[in-house]
>>> print(open('target13.cif').read())   # mmCIF, C-alpha atoms
data_run
loop_
_atom_site.label_atom_id
_atom_site.label_comp_id
_atom_site.auth_asym_id
_atom_site.auth_seq_id
_atom_site.Cartn_x
_atom_site.Cartn_y
_atom_site.Cartn_z
CA MET L 5 91.07 77.44 102.55
CA GLU L 6 87.52 76.25 102.21
CA SER L 7 84.54 76.67 99.96
CA CYS L 8 81.86 79.27 100.69
CA PHE L 9 79.38 77.12 98.88
CA ALA L 10 79.31 74.20 96.48
CA PRO L 11 80.33 75.27 92.97
CA ILE L 12 77.29 76.26 90.93
CA ILE L 13 77.37 75.16 87.32
CA GLN L 14 74.39 75.75 85.08
CA SER L 15 73.67 75.30 81.40
CA GLY L 16 70.87 74.52 78.98
CA GLY L 17 68.97 77.78 78.93
CA SER L 18 67.48 77.84 82.39
CA TYR L 19 69.52 79.78 84.91
CA ASP L 20 69.27 81.10 88.44
CA LEU L 21 71.63 84.06 88.73
CA ARG L 22 71.41 84.42 92.50
CA ALA L 23 74.33 83.49 94.72
CA SER L 24 71.99 81.01 96.41
CA ALA L 25 71.48 78.94 93.26
CA VAL L 26 72.24 75.22 93.18
CA SER L 27 73.39 73.04 90.29
CA ASN L 28 70.72 70.58 89.23
CA ASP L 29 71.28 67.00 88.07
CA ALA L 30 70.98 67.76 84.35
CA ASN L 31 74.01 66.99 82.21
CA LEU L 32 76.14 69.84 81.01
CA SER L 33 74.95 71.01 77.64
CA SER L 34 77.20 72.67 75.09
CA ASP L 35 75.53 76.03 74.95
CA ILE L 36 75.94 78.68 77.67
CA VAL L 37 77.61 77.49 80.83
CA ILE L 38 77.54 79.70 83.90
CA CYS L 39 79.88 78.83 86.77
CA SER L 40 80.19 80.35 90.19
CA LEU L 41 82.82 79.49 92.76
CA GLY L 42 83.25 80.78 96.26
CA ALA L 43 86.26 80.41 98.48
CA ARG L 44 86.91 81.26 102.10
CA TYR L 45 90.34 81.88 103.61
CA LYS L 46 90.88 82.77 107.28
CA ASN L 47 87.11 83.19 107.43
CA TYR L 48 86.99 85.78 104.64
CA CYS L 49 84.79 85.04 101.64
CA SER L 50 85.21 85.75 97.98
CA ASN L 51 83.36 84.80 94.84
CA ILE L 52 83.84 84.56 91.11
CA SER L 53 81.30 83.90 88.36
CA ARG L 54 82.03 83.32 84.71
CA THR L 55 80.03 82.50 81.59
CA PHE L 56 81.38 80.21 78.87
CA ILE L 57 79.65 80.18 75.51
CA VAL L 58 79.81 77.40 72.93
CA ASP L 59 78.89 78.17 69.31
CA ALA L 60 77.47 81.57 70.17
CA PRO L 61 74.41 82.58 68.20
CA PRO L 62 74.58 86.25 67.09
CA ARG L 63 72.21 87.53 69.76
CA VAL L 64 74.15 85.79 72.51
CA ASP L 65 77.39 87.17 71.15
CA SER L 66 76.06 90.72 71.07
CA VAL L 67 74.51 90.49 74.53
CA TYR L 68 77.74 89.21 76.04
CA LYS L 69 79.69 92.06 74.45
CA THR L 70 77.15 94.49 75.88
CA LEU L 71 77.61 92.85 79.24
CA LEU L 72 81.35 93.47 79.10
CA LYS L 73 80.77 97.17 78.45
CA LEU L 74 78.12 97.27 81.14
CA TYR L 75 80.56 95.70 83.57
CA SER L 76 83.15 98.43 82.94
CA LYS L 77 80.60 101.19 83.16
CA CYS L 78 79.36 99.93 86.51
CA LEU L 79 82.85 99.48 87.86
CA GLU L 80 83.56 103.11 87.00
CA SER L 81 80.58 104.21 89.07
CA MET L 82 81.85 102.66 92.30
CA ILE L 83 83.69 105.69 93.60
CA VAL L 84 84.28 106.67 97.22
CA GLY L 85 81.45 108.88 98.43
CA LYS L 86 78.89 107.69 95.90
CA GLU L 87 75.80 105.85 97.11
CA LEU L 88 75.58 102.11 96.49
CA LYS L 89 72.45 102.59 94.39
CA VAL L 90 74.44 104.45 91.72
CA VAL L 91 75.65 101.10 90.34
CA HIS L 92 72.20 99.80 89.50
CA GLN L 93 71.15 103.22 88.23
CA THR L 94 74.18 103.33 85.95
CA ALA L 95 73.39 99.86 84.64
CA SER L 96 69.75 100.73 83.89
CA ALA L 97 70.71 103.96 82.15
CA PHE L 98 73.37 102.26 80.02
CA LEU L 99 70.98 99.56 78.86
CA LYS L 100 68.18 102.04 78.12
CA GLU L 101 70.56 103.80 75.80
CA ASN L 102 72.31 100.83 74.21
CA ASP L 103 69.92 97.87 74.18
CA PRO L 104 66.54 98.69 75.71
CA GLU L 105 65.32 95.10 75.39
CA LEU L 106 67.80 94.20 78.11
CA VAL L 107 66.54 96.64 80.76
CA SER L 108 64.06 94.12 82.11
CA SER L 109 66.79 91.47 82.20
CA LEU L 110 68.78 93.32 84.81
CA PRO L 111 68.49 91.61 88.23
CA LYS L 112 67.31 93.64 91.24
CA SER L 113 70.69 93.50 92.91
CA LEU L 114 74.12 93.57 91.28
CA GLY L 115 76.05 92.34 94.28
CA PHE L 116 76.71 92.82 97.95
CA SER L 117 79.28 93.64 100.59
CA MET L 118 81.34 90.61 101.44
CA GLY L 119 83.72 89.61 104.24
CA LEU L 120 83.30 87.36 107.25
CA GLU L 121 79.70 87.01 106.16
CA PHE L 122 79.30 85.80 102.59
CA ARG L 123 76.49 88.19 101.80
CA ASP L 124 75.70 91.27 103.88
CA SER L 125 72.05 92.00 103.19
CA ASN L 126 72.37 95.55 104.53
CA LEU L 127 74.76 96.55 101.77
CA LEU L 128 73.24 95.35 98.52
CA LEU L 129 74.02 96.93 95.15
CA ASN L 130 70.34 97.50 94.40
CA ASP L 131 68.50 100.62 93.25
CA SER L 132 67.64 101.95 96.69
CA ASN L 133 70.63 101.55 99.00
CA SER L 134 71.84 104.96 100.19
CA ASN L 135 74.92 103.84 102.07
CA VAL L 136 78.08 105.21 100.49
CA PHE L 137 81.21 103.55 99.14
CA VAL L 138 84.18 103.80 101.48
CA SER L 139 87.74 102.86 100.61
CA ASP L 140 88.61 99.22 101.46
CA MET L 141 85.08 97.92 101.32
CA ILE L 142 84.97 94.55 99.58
CA PHE L 143 82.07 93.67 97.32
CA ASN L 144 80.91 90.74 95.33
CA PHE L 145 80.10 92.56 92.09
CA SER L 146 77.91 90.28 90.09
CA ILE L 147 76.42 91.61 86.89
CA GLY L 148 74.10 89.41 84.95
CA LEU L 149 71.37 89.60 82.36
CA ASP L 150 68.57 87.15 82.85
CA LYS L 151 65.93 85.51 80.63
CA ILE L 152 66.81 87.27 77.42
CA PRO L 153 64.69 86.07 74.48
CA LEU L 154 66.66 84.18 71.84
CA PRO L 155 65.30 84.94 68.35
CA GLU L 156 63.62 81.91 66.78
CA ASN L 157 65.92 81.82 63.78
CA GLU L 158 68.92 81.45 66.11
CA ARG L 159 67.60 78.40 67.91
CA ARG L 160 69.72 75.87 66.04
CA GLY L 161 72.13 73.14 66.99
CA SER L 162 72.58 73.05 70.76
CA TYR L 163 70.36 76.09 71.00
CA ALA L 164 67.32 74.42 69.49
CA GLY L 165 64.51 74.80 72.00
CA MET L 166 66.27 77.51 74.00
CA GLN L 167 63.68 80.27 74.38
CA THR L 168 65.63 82.52 76.69
CA PHE L 169 69.20 82.67 77.93
CA SER L 170 71.26 84.37 80.62
CA VAL L 171 74.81 85.59 81.06
CA LEU L 172 76.75 86.47 84.20
CA ILE L 173 80.09 87.93 85.22
CA GLY L 174 80.99 88.18 88.89
CA ASP L 175 84.12 89.32 90.69
CA THR L 176 85.34 90.22 94.14
CA ILE L 177 86.35 93.87 94.17
CA ARG L 178 87.91 96.33 96.58
CA ILE L 179 86.85 99.98 96.65
CA GLN L 180 89.89 102.22 96.34
CA SER L 181 90.39 105.72 97.73
CA ASP L 182 91.34 106.91 94.26
CA GLY L 183 89.73 105.76 91.05
CA ILE L 184 87.79 102.63 90.19
CA PRO L 185 87.72 99.47 92.30
CA GLU L 186 90.51 96.93 92.21
CA VAL L 187 89.26 93.65 90.77
CA LEU L 188 90.76 90.99 93.00
CA THR L 189 89.58 87.98 91.01
CA LYS L 190 90.96 89.30 87.78
CA CYS L 191 91.23 86.92 84.88
CA THR L 192 90.90 87.65 81.20
CA PHE L 193 87.72 87.21 79.24
CA GLU L 194 89.49 85.73 76.23
CA ASP L 195 88.70 82.07 76.77
CA VAL L 196 84.98 82.61 76.91
CA PHE L 197 83.86 81.73 73.41
CA TYR L 198 84.33 78.21 72.11
CA ASN L 199 83.54 77.07 68.58
CA ILE L 200 82.81 73.37 68.27
CA ALA L 201 80.20 73.24 65.50
CA ASP L 202 82.62 74.62 62.93
CA LYS L 203 84.96 71.74 63.53
CA VAL L 204 82.38 68.98 63.07
CA MET I 20 82.95 75.51 110.95
CA ALA I 21 82.59 76.84 114.52
CA SER I 22 85.86 77.68 116.20
CA ASN I 23 85.00 77.23 119.84
CA PRO I 24 88.02 77.33 122.13
CA SER I 25 86.33 75.76 125.14
CA SER I 26 85.75 72.53 123.25
CA GLU I 27 89.40 72.36 122.21
CA GLY I 28 90.57 72.11 125.81
CA SER I 29 93.82 73.77 124.83
CA ASP I 30 95.45 76.42 126.98
CA GLN I 31 97.24 77.76 123.95
CA THR I 32 94.10 79.39 122.60
CA MET I 33 94.31 83.09 122.99
CA ILE I 34 92.74 86.17 121.55
CA ASP I 35 95.14 88.47 119.73
CA PRO I 36 95.17 91.53 122.02
CA ASN I 37 96.26 94.00 119.32
CA LYS I 38 93.58 93.02 116.84
CA PHE I 39 90.98 92.85 119.57
CA GLN I 40 91.78 96.26 121.02
CA THR I 41 92.06 98.03 117.66
CA ARG I 42 88.79 96.61 116.44
CA LEU I 43 86.95 97.16 119.70
CA LYS I 44 88.12 100.76 119.61
CA LYS I 45 86.76 101.10 116.07
CA LEU I 46 83.41 99.65 117.12
CA HIS I 47 83.22 101.82 120.22
CA SER I 48 84.02 105.08 118.46
CA LEU I 49 81.71 104.33 115.54
CA TRP I 50 78.96 103.73 118.06
CA LEU I 51 79.58 106.92 120.02
CA SER I 52 80.01 109.11 116.94
CA LYS I 53 76.92 107.83 115.10
CA LYS I 54 74.76 106.77 118.02
CA THR I 55 71.55 108.37 116.79
CA GLU I 56 71.86 108.08 113.04
CA LEU I 57 73.14 104.52 112.86
CA TRP I 58 72.66 102.81 116.25
CA GLY I 59 69.08 103.78 117.07
CA GLY I 60 70.30 105.85 119.98
CA CYS I 61 71.04 102.75 122.04
CA ASP I 62 72.70 103.25 125.42
CA ALA I 63 74.59 99.98 125.25
CA VAL I 64 75.75 97.58 122.55
CA CYS I 65 75.13 93.91 123.20
CA ILE I 66 76.65 90.99 121.27
CA LEU I 67 74.80 87.76 121.98
CA TYR I 68 75.95 84.27 121.11
CA GLY I 69 73.83 81.17 121.73
CA SER I 70 74.91 77.59 122.10
CA SER I 71 76.69 75.78 119.29
CA ASN I 72 74.66 75.56 116.09
CA GLU I 73 76.29 73.61 113.23
CA ASP I 74 73.60 74.69 110.78
CA LEU I 75 74.24 78.40 111.11
CA LEU I 76 77.01 79.37 108.72
CA TYR I 77 76.86 83.12 108.72
CA SER I 78 75.37 85.74 111.04
CA LYS I 79 76.27 89.18 112.32
CA ASN I 80 77.08 87.69 115.72
CA ILE I 81 79.42 85.07 114.25
CA SER I 82 81.08 87.80 112.20
CA MET I 83 81.51 90.08 115.22
CA HIS I 84 83.10 87.29 117.22
CA LEU I 85 85.51 86.32 114.43
CA TYR I 86 86.26 90.00 113.88
CA LEU I 87 87.02 90.83 117.50
CA PHE I 88 88.29 87.54 118.90
CA GLY I 89 89.18 85.26 116.02
CA TYR I 90 86.98 82.67 117.71
CA GLU I 91 83.31 82.09 118.34
CA LEU I 92 82.66 82.26 122.06
CA THR I 93 79.50 80.21 122.38
CA GLU I 94 77.03 80.95 125.16
CA SER I 95 78.22 84.43 125.87
CA ILE I 96 76.83 87.90 126.38
CA ILE I 97 78.96 90.93 125.72
CA LEU I 98 77.80 94.34 126.80
CA ILE I 99 79.59 97.52 125.87
CA THR I 100 78.69 100.87 127.41
CA LYS I 101 80.39 104.23 127.31
CA GLY I 102 82.96 103.33 129.90
CA ASP I 103 82.62 99.59 130.49
CA PHE I 104 83.02 96.22 128.83
CA TYR I 105 81.10 93.32 130.36
CA VAL I 106 81.32 89.69 129.39
CA MET I 107 79.20 86.93 130.83
CA THR I 108 80.31 83.45 129.87
CA ASN I 109 82.16 80.47 131.34
CA PRO I 110 85.24 81.21 133.46
CA LYS I 111 87.70 79.97 130.84
CA LYS I 112 86.42 82.34 128.16
CA CYS I 113 86.23 85.19 130.67
CA ALA I 114 89.91 84.65 131.37
CA MET I 115 90.72 84.66 127.64
CA LEU I 116 89.04 88.03 127.29
CA GLN I 117 90.68 89.41 130.38
CA ALA I 118 94.06 88.54 128.91
CA ALA I 119 93.17 90.26 125.65
CA PHE I 120 92.28 93.38 127.58
CA ALA I 121 95.71 93.79 129.13
CA ASN I 122 97.60 97.06 128.53
CA ASN I 123 94.88 98.78 126.60
CA ASP I 124 94.16 102.42 126.02
CA LEU I 125 90.48 101.94 125.38
CA GLY I 126 89.28 103.78 128.46
CA LEU I 127 86.95 100.88 129.18
CA GLN I 128 86.67 99.06 132.49
CA PHE I 129 86.63 95.27 132.04
CA HIS I 130 84.10 93.18 133.99
CA ALA I 131 83.93 89.38 133.91
CA LEU I 132 80.67 87.74 135.00
CA HIS I 133 80.68 83.99 135.26
CA LYS I 134 78.04 81.83 133.71
CA THR I 135 77.67 78.98 136.19
CA LYS I 136 75.47 75.95 136.78
CA ASP I 137 73.76 77.92 139.55
CA GLU I 138 70.69 79.63 138.13
CA GLY I 139 70.63 82.01 141.08
CA VAL I 140 74.14 83.27 140.41
CA ASN I 141 73.37 83.60 136.70
CA ARG I 142 70.25 85.60 137.48
CA GLU I 143 72.27 87.95 139.70
CA ASN I 144 74.80 88.43 136.94
CA PHE I 145 72.02 89.15 134.46
CA HIS I 146 70.91 91.93 136.80
CA VAL I 147 74.41 93.38 136.79
CA LEU I 148 74.11 93.65 133.01
CA ILE I 149 70.65 95.21 133.21
CA ASN I 150 71.92 97.76 135.70
CA ALA I 151 74.86 98.57 133.47
CA ILE I 152 72.45 99.42 130.64
CA ARG I 153 70.38 101.53 133.01
CA LYS I 154 73.39 103.45 134.33
CA ASN I 155 72.98 107.21 133.80
CA GLY I 156 69.36 106.76 132.78
CA GLY I 157 69.89 104.32 129.92
CA LYS I 158 66.73 102.80 128.43
CA LYS I 159 67.74 101.25 125.12
CA VAL I 160 69.94 98.27 124.37
CA GLY I 161 71.14 97.50 120.87
CA SER I 162 71.66 93.95 119.62
CA VAL I 163 70.62 91.52 116.92
CA PHE I 164 67.28 90.58 118.41
CA LYS I 165 65.44 89.49 115.25
CA THR I 166 66.96 86.04 115.18
CA SER I 167 66.66 82.86 117.19
CA TYR I 168 69.31 81.85 119.67
CA ALA I 169 70.07 78.20 120.41
CA GLY I 170 69.98 77.06 124.02
CA ASP I 171 68.44 78.74 127.07
CA PHE I 172 71.14 81.14 128.15
CA VAL I 173 70.60 83.94 125.65
CA PRO I 174 66.81 83.63 125.44
CA SER I 175 66.50 83.93 129.22
CA PHE I 176 68.63 87.06 129.18
CA ILE I 177 66.47 88.54 126.42
CA ASN I 178 63.37 87.73 128.48
CA LEU I 179 64.82 89.67 131.38
CA VAL I 180 65.64 92.62 129.09
CA GLU I 181 62.00 92.64 128.00
CA SER I 182 60.54 92.34 131.48
CA SER I 183 62.85 95.08 132.71
CA GLN I 184 61.08 97.38 130.28
CA LEU I 185 64.21 98.21 128.34
CA GLU I 186 63.77 99.08 124.70
CA LYS I 187 65.34 96.66 122.23
CA VAL I 188 67.03 98.27 119.24
CA GLU I 189 68.13 96.35 116.13
CA ILE I 190 71.76 97.13 115.27
CA GLY I 191 72.32 94.79 112.30
CA PRO I 192 72.95 97.66 109.85
CA ALA I 193 75.31 99.35 112.32
CA LEU I 194 77.32 96.14 112.68
CA SER I 195 77.42 95.92 108.87
CA ALA I 196 79.02 99.37 108.86
CA VAL I 197 81.66 98.25 111.38
CA LEU I 198 82.50 95.18 109.30
CA ALA I 199 82.27 96.76 105.85
CA VAL I 200 85.56 98.63 105.77
CA LYS I 201 88.41 96.12 105.92
CA ASP I 202 91.61 96.84 107.80
CA GLU I 203 95.10 95.91 106.61
CA GLU I 204 95.09 92.48 108.18
CA GLU I 205 91.76 91.62 106.59
CA LEU I 206 92.91 92.79 103.18
CA VAL I 207 95.89 90.44 103.44
CA SER I 208 93.48 87.54 104.00
CA VAL I 209 91.37 88.61 101.06
CA LEU I 210 94.45 88.93 98.85
CA GLY I 211 95.42 85.42 99.92
CA LEU I 212 92.23 84.28 98.23
CA PHE I 213 93.29 86.03 95.05
CA PHE I 214 96.08 83.51 94.57
CA PHE I 215 93.56 80.70 94.73
CA TYR I 216 91.90 81.99 91.62
CA LEU I 217 95.16 82.08 89.72
CA LEU I 218 95.56 78.32 90.06
#
>>> encode(input="target13.cif", output="structure tokens")
Amino acid sequence: MESCFAPIIQSGGSYDLRASAVSNDANLSSDIVICSLGARYKNYCSNISRTFIVDAPPRVDSVYKTLLKLYSKCLESMIVGKELKVVHQTASAFLKENDPELVSSLPKSLGFSMGLEFRDSNLLLNDSNSNVFVSDMIFNFSIGLDKIPLPENERRGSYAGMQTFSVLIGDTIRIQSDGIPEVLTKCTFEDVFYNIADKV
Amino acid sequence: MASNPSSEGSDQTMIDPNKFQTRLKKLHSLWLSKKTELWGGCDAVCILYGSSNEDLLYSKNISMHLYLFGYELTESIILITKGDFYVMTNPKKCAMLQAAFANNDLGLQFHALHKTKDEGVNRENFHVLINAIRKNGGKKVGSVFKTSYAGDFVPSFINLVESSQLEKVEIGPALSAVLAVKDEEELVSVLGLFFFYLL
């Protein structure tokens, strides 16, 4: 078992949501922490990304909940026979309808085919790829929302000075012949929100 | 990260014949069935591997080697045509591949060409490969050409391909298609990772 890449841990309001990001030397701040881990076993890669939120301001809370719904919606679109671009199209359409401010926060690619190569650039989940989903394809499905403006009146406590924020959820998934993909890196989203300020 | 059997000096290293033959069959039939739409109409499929490069973590060629052989066979040229499988590399690796070919139902004739210290012999063997591509009027050879290969072996072969007026076709996307759908054995490895995340 080895690492695909060094763990990426980011916080403090400035985030790089790409799989190629690196952690900088800044200390961990108690606001929004985004972690990505990659592991490789018998030469096969996988990846998981999670966001942890401390003392969530209302906007952050609502965006994260939208992200969860967005995640499910996109997962439902990854059906055998559909083109890869349907995922991004589904995401755009969902945001247009539910929170239009977030449409521009959607990254260009929501993931990629994964296996012996960490990232197969020929099979990206962007808005133009016409290759189709086939059963037993493995993808890194990574849905994030980037550089979302944080309302001024919510910039308090650890969030003072944070102009924009990002959130990210990433999993390794397997396309199934019937139904929605199997999420291989499944773990619950319960332990995502932490409240520290209340206890002080 | 490179798993190069010739540097291990062990005679235990072998290529799993079952995995190799099943996956080669998959590659071969995907090529023949989608030759025009996916493989640029190439008349031969060529997998190139340069000399050892510690900095290169991932590439289509590395993936193809791990997929077919379980090892990276550095300084090798593999050429697959409709009815033949050629490999040009050092004698030890040629023997490994020959062993993996035993008792197959691929309908492919195996040819081992040795890479030697004699430039003249190597040149002759290069010409065998060129002629194999040209068999039955072939003009196009598919490979991952848009990358740099360490060492002299692969670049000098590519030079000969160019000066022989053969057309080079990029087959990166086609190789992606071969690798995209995981077989049972691969899924077991991926599921093994799943347990890591539970810890």
>>> resolve_selection(input="target13.cif", expression="the PyMOL selection byres ((chain L) within 12 of (chain I))", output="MDAnalysis selection string")
chainID L and resid 5:9 40:53 84 116:128 133 135:143 175:181 186:192
>>> closest_residue(input="target13.cif", among="L:Leu88, L:Ser34, L:Val67, L:Val196", to="Phe145 in chain L", atoms="all atoms listed in the file")
L:Leu88
>>> resolve_selection(input="target13.cif", expression="the PyMOL selection byres ((chain I and resi 113) around 10)", output="PyMOL selection string")
chain I and resi 92+95+105-112+114-119+130-134
>>> atom_distance(input="target13.cif", atom1="CA of Gly156 in chain I", atom2="CA of Gln184 in chain I")
12.8 Å
>>> residues_around(input="target13.cif", residues="Val64 in chain I", least_positions_apart="2", cutoff="8 Å", atoms="only C-alpha atoms", output="list of chain:residue names")
I:Cys61, I:Asp62, I:Ile66, I:Leu98, I:Ile99, I:Thr100, I:Val160, I:Gly161, I:Ser162
>>> atom_distance(input="target13.cif", atom1="CA of Leu51 in chain I", atom2="CA of Arg142 in chain I")
29.1 Å
>>> closest_residue(input="target13.cif", among="I:Ile96, I:Met33, I:Ile190, I:Ala63", to="Arg153 in chain I", atoms="all atoms listed in the file")
I:Ala63
>>> atom_distance(input="target13.cif", atom1="CA of Lys158 in chain I", atom2="CA of Asp103 in chain I")
16.3 Å
>>> residues_around(input="target13.cif", residues="Ala30 in chain L", least_positions_apart="6", cutoff="12 Å", atoms="only C-alpha atoms", output="NGL selection string")
:L and (13-18)
>>> write_last_selection(input="target13.cif", atoms="C-alpha atoms", output="PDB file, keeping the file's coordinate frame")
ATOM      1  CA  ILE L  13      77.370  75.160  87.320  1.00  0.00           C
ATOM      2  CA  GLN L  14      74.390  75.750  85.080  1.00  0.00           C
ATOM      3  CA  SER L  15      73.670  75.300  81.400  1.00  0.00           C
ATOM      4  CA  GLY L  16      70.870  74.520  78.980  1.00  0.00           C
ATOM      5  CA  GLY L  17      68.970  77.780  78.930  1.00  0.00           C
ATOM      6  CA  SER L  18      67.480  77.840  82.390  1.00  0.00           C
TER       7      SER L  18
END
>>> residues_around(input="target13.cif", residues="Thr93 in chain I", least_positions_apart="2", cutoff="8 Å", atoms="all atoms listed in the file", output="CSV table (one decimal) with C-alpha atoms, in the coordinates of the input")
chain,number,residue,atom,x,y,z
I,23,ASN,CA,85.0,77.2,119.8
I,68,TYR,CA,76.0,84.3,121.1
I,69,GLY,CA,73.8,81.2,121.7
I,70,SER,CA,74.9,77.6,122.1
I,71,SER,CA,76.7,75.8,119.3
I,91,GLU,CA,83.3,82.1,118.3
I,95,SER,CA,78.2,84.4,125.9
>>> resolve_selection(input="target13.cif", expression="the PyMOL selection byres ((chain I and resi 170) around 10)", output="list in words")
Tyr68, Gly69, Ser70, Ser71, Asn72, Glu94, Ser167, Tyr168, Ala169, Asp171, Phe172, Val173, Pro174 and Ser175 of chain I
>>> residues_near_point(input="target13.cif", point="(95.6, 91.4, 120.4)", cutoff="10 Å", atoms="all atoms listed in the file", output="short mmCIF file (atom, residue, chain, number, x, y, z; two decimals) with C-alpha atoms, in the frame of the given file")
data_model
loop_
_atom_site.label_atom_id
_atom_site.label_comp_id
_atom_site.auth_asym_id
_atom_site.auth_seq_id
_atom_site.Cartn_x
_atom_site.Cartn_y
_atom_site.Cartn_z
CA MET I 33 94.31 83.09 122.99
CA ILE I 34 92.74 86.17 121.55
CA ASP I 35 95.14 88.47 119.73
CA PRO I 36 95.17 91.53 122.02
CA ASN I 37 96.26 94.00 119.32
CA LYS I 38 93.58 93.02 116.84
CA PHE I 39 90.98 92.85 119.57
CA GLN I 40 91.78 96.26 121.02
CA THR I 41 92.06 98.03 117.66
CA ARG I 42 88.79 96.61 116.44
CA LEU I 87 87.02 90.83 117.50
CA PHE I 88 88.29 87.54 118.90
CA GLY I 89 89.18 85.26 116.02
CA ALA I 118 94.06 88.54 128.91
CA ALA I 119 93.17 90.26 125.65
CA PHE I 120 92.28 93.38 127.58
CA ALA I 121 95.71 93.79 129.13
CA ASN I 123 94.88 98.78 126.60
#
>>> residues_around(input="target13.cif", residues="range 105-113 of chain L", least_positions_apart="2", cutoff="7 Å", atoms="only C-alpha atoms", output="list in words")
Ser96, Leu99, Lys100, Asp103, Gly115, Leu128, Leu129, Asn130, Gly148, Leu149, Asp150, Lys151 and Ile152 of chain L
>>> closest_residue(input="target13.cif", among="L:Ser162, L:Phe169, L:Val91, L:Ile147", to="Tyr75 in chain L", atoms="all atoms listed in the file")
L:Ile147
>>> residues_around(input="target13.cif", residues="Leu154 in chain L", least_positions_apart="5", cutoff="10 Å", atoms="all atoms listed in the file", output="PyMOL selection string")
chain L and resi 17+61-64+159+163+165-170
>>> write_last_selection(input="target13.cif", atoms="C-alpha atoms", output="compact mmCIF listing (two decimals), keeping the file's coordinate frame")
# COMPACT_ATOMS: atom_id res chain seq x y z
CA GLY L 17 68.97 77.78 78.93
CA PRO L 61 74.41 82.58 68.20
CA PRO L 62 74.58 86.25 67.09
CA ARG L 63 72.21 87.53 69.76
CA VAL L 64 74.15 85.79 72.51
CA ARG L 159 67.60 78.40 67.91
CA TYR L 163 70.36 76.09 71.00
CA GLY L 165 64.51 74.80 72.00
CA MET L 166 66.27 77.51 74.00
CA GLN L 167 63.68 80.27 74.38
CA THR L 168 65.63 82.52 76.69
CA PHE L 169 69.20 82.67 77.93
CA SER L 170 71.26 84.37 80.62
>>> build_atoms(input="target13.cif", residues="range 106-116 of chain I", atoms="N, CA, C and O atoms", output="PDB file, keeping the file's coordinate frame")
ATOM      1  N   VAL I 106      81.511  90.970 130.069  1.00  0.00           N
ATOM      2  CA  VAL I 106      81.320  89.690 129.390  1.00  0.00           C
ATOM      3  C   VAL I 106      80.764  88.699 130.397  1.00  0.00           C
ATOM      4  O   VAL I 106      81.241  88.610 131.522  1.00  0.00           O
ATOM      5  N   MET I 107      79.726  87.998 129.980  1.00  0.00           N
ATOM      6  CA  MET I 107      79.200  86.930 130.830  1.00  0.00           C
ATOM      7  C   MET I 107      79.285  85.638 130.055  1.00  0.00           C
ATOM      8  O   MET I 107      78.637  85.473 129.014  1.00  0.00           O
ATOM      9  N   THR I 108      80.126  84.744 130.521  1.00  0.00           N
ATOM     10  CA  THR I 108      80.310  83.450 129.870  1.00  0.00           C
ATOM     11  C   THR I 108      81.046  82.531 130.843  1.00  0.00           C
ATOM     12  O   THR I 108      81.187  82.889 132.009  1.00  0.00           O
ATOM     13  N   ASN I 109      81.491  81.378 130.388  1.00  0.00           N
ATOM     14  CA  ASN I 109      82.160  80.470 131.340  1.00  0.00           C
ATOM     15  C   ASN I 109      83.520  81.044 131.761  1.00  0.00           C
ATOM     16  O   ASN I 109      84.091  81.889 131.069  1.00  0.00           O
ATOM     17  N   PRO I 110      84.007  80.619 132.914  1.00  0.00           N
ATOM     18  CA  PRO I 110      85.240  81.210 133.460  1.00  0.00           C
ATOM     19  C   PRO I 110      86.429  81.166 132.500  1.00  0.00           C
ATOM     20  O   PRO I 110      87.211  82.116 132.438  1.00  0.00           O
ATOM     21  N   LYS I 111      86.551  80.095 131.740  1.00  0.00           N
ATOM     22  CA  LYS I 111      87.700  79.970 130.840  1.00  0.00           C
ATOM     23  C   LYS I 111      87.694  81.067 129.775  1.00  0.00           C
ATOM     24  O   LYS I 111      88.723  81.692 129.490  1.00  0.00           O
ATOM     25  N   LYS I 112      86.506  81.302 129.196  1.00  0.00           N
ATOM     26  CA  LYS I 112      86.420  82.340 128.160  1.00  0.00           C
ATOM     27  C   LYS I 112      86.576  83.729 128.753  1.00  0.00           C
ATOM     28  O   LYS I 112      87.116  84.631 128.126  1.00  0.00           O
ATOM     29  N   CYS I 113      86.062  83.903 129.987  1.00  0.00           N
ATOM     30  CA  CYS I 113      86.230  85.190 130.670  1.00  0.00           C
ATOM     31  C   CYS I 113      87.715  85.492 130.818  1.00  0.00           C
ATOM     32  O   CYS I 113      88.158  86.626 130.594  1.00  0.00           O
ATOM     33  N   ALA I 114      88.471  84.462 131.171  1.00  0.00           N
ATOM     34  CA  ALA I 114      89.910  84.650 131.370  1.00  0.00           C
ATOM     35  C   ALA I 114      90.608  84.998 130.057  1.00  0.00           C
ATOM     36  O   ALA I 114      91.514  85.837 130.022  1.00  0.00           O
ATOM     37  N   MET I 115      90.161  84.359 128.974  1.00  0.00           N
ATOM     38  CA  MET I 115      90.720  84.660 127.640  1.00  0.00           C
ATOM     39  C   MET I 115      90.539  86.143 127.310  1.00  0.00           C
ATOM     40  O   MET I 115      91.438  86.807 126.794  1.00  0.00           O
ATOM     41  N   LEU I 116      89.346  86.632 127.608  1.00  0.00           N
ATOM     42  CA  LEU I 116      89.040  88.030 127.290  1.00  0.00           C
ATOM     43  C   LEU I 116      89.812  88.975 128.196  1.00  0.00           C
ATOM     44  O   LEU I 116      90.284  90.022 127.771  1.00  0.00           O
TER      45      LEU I 116
END
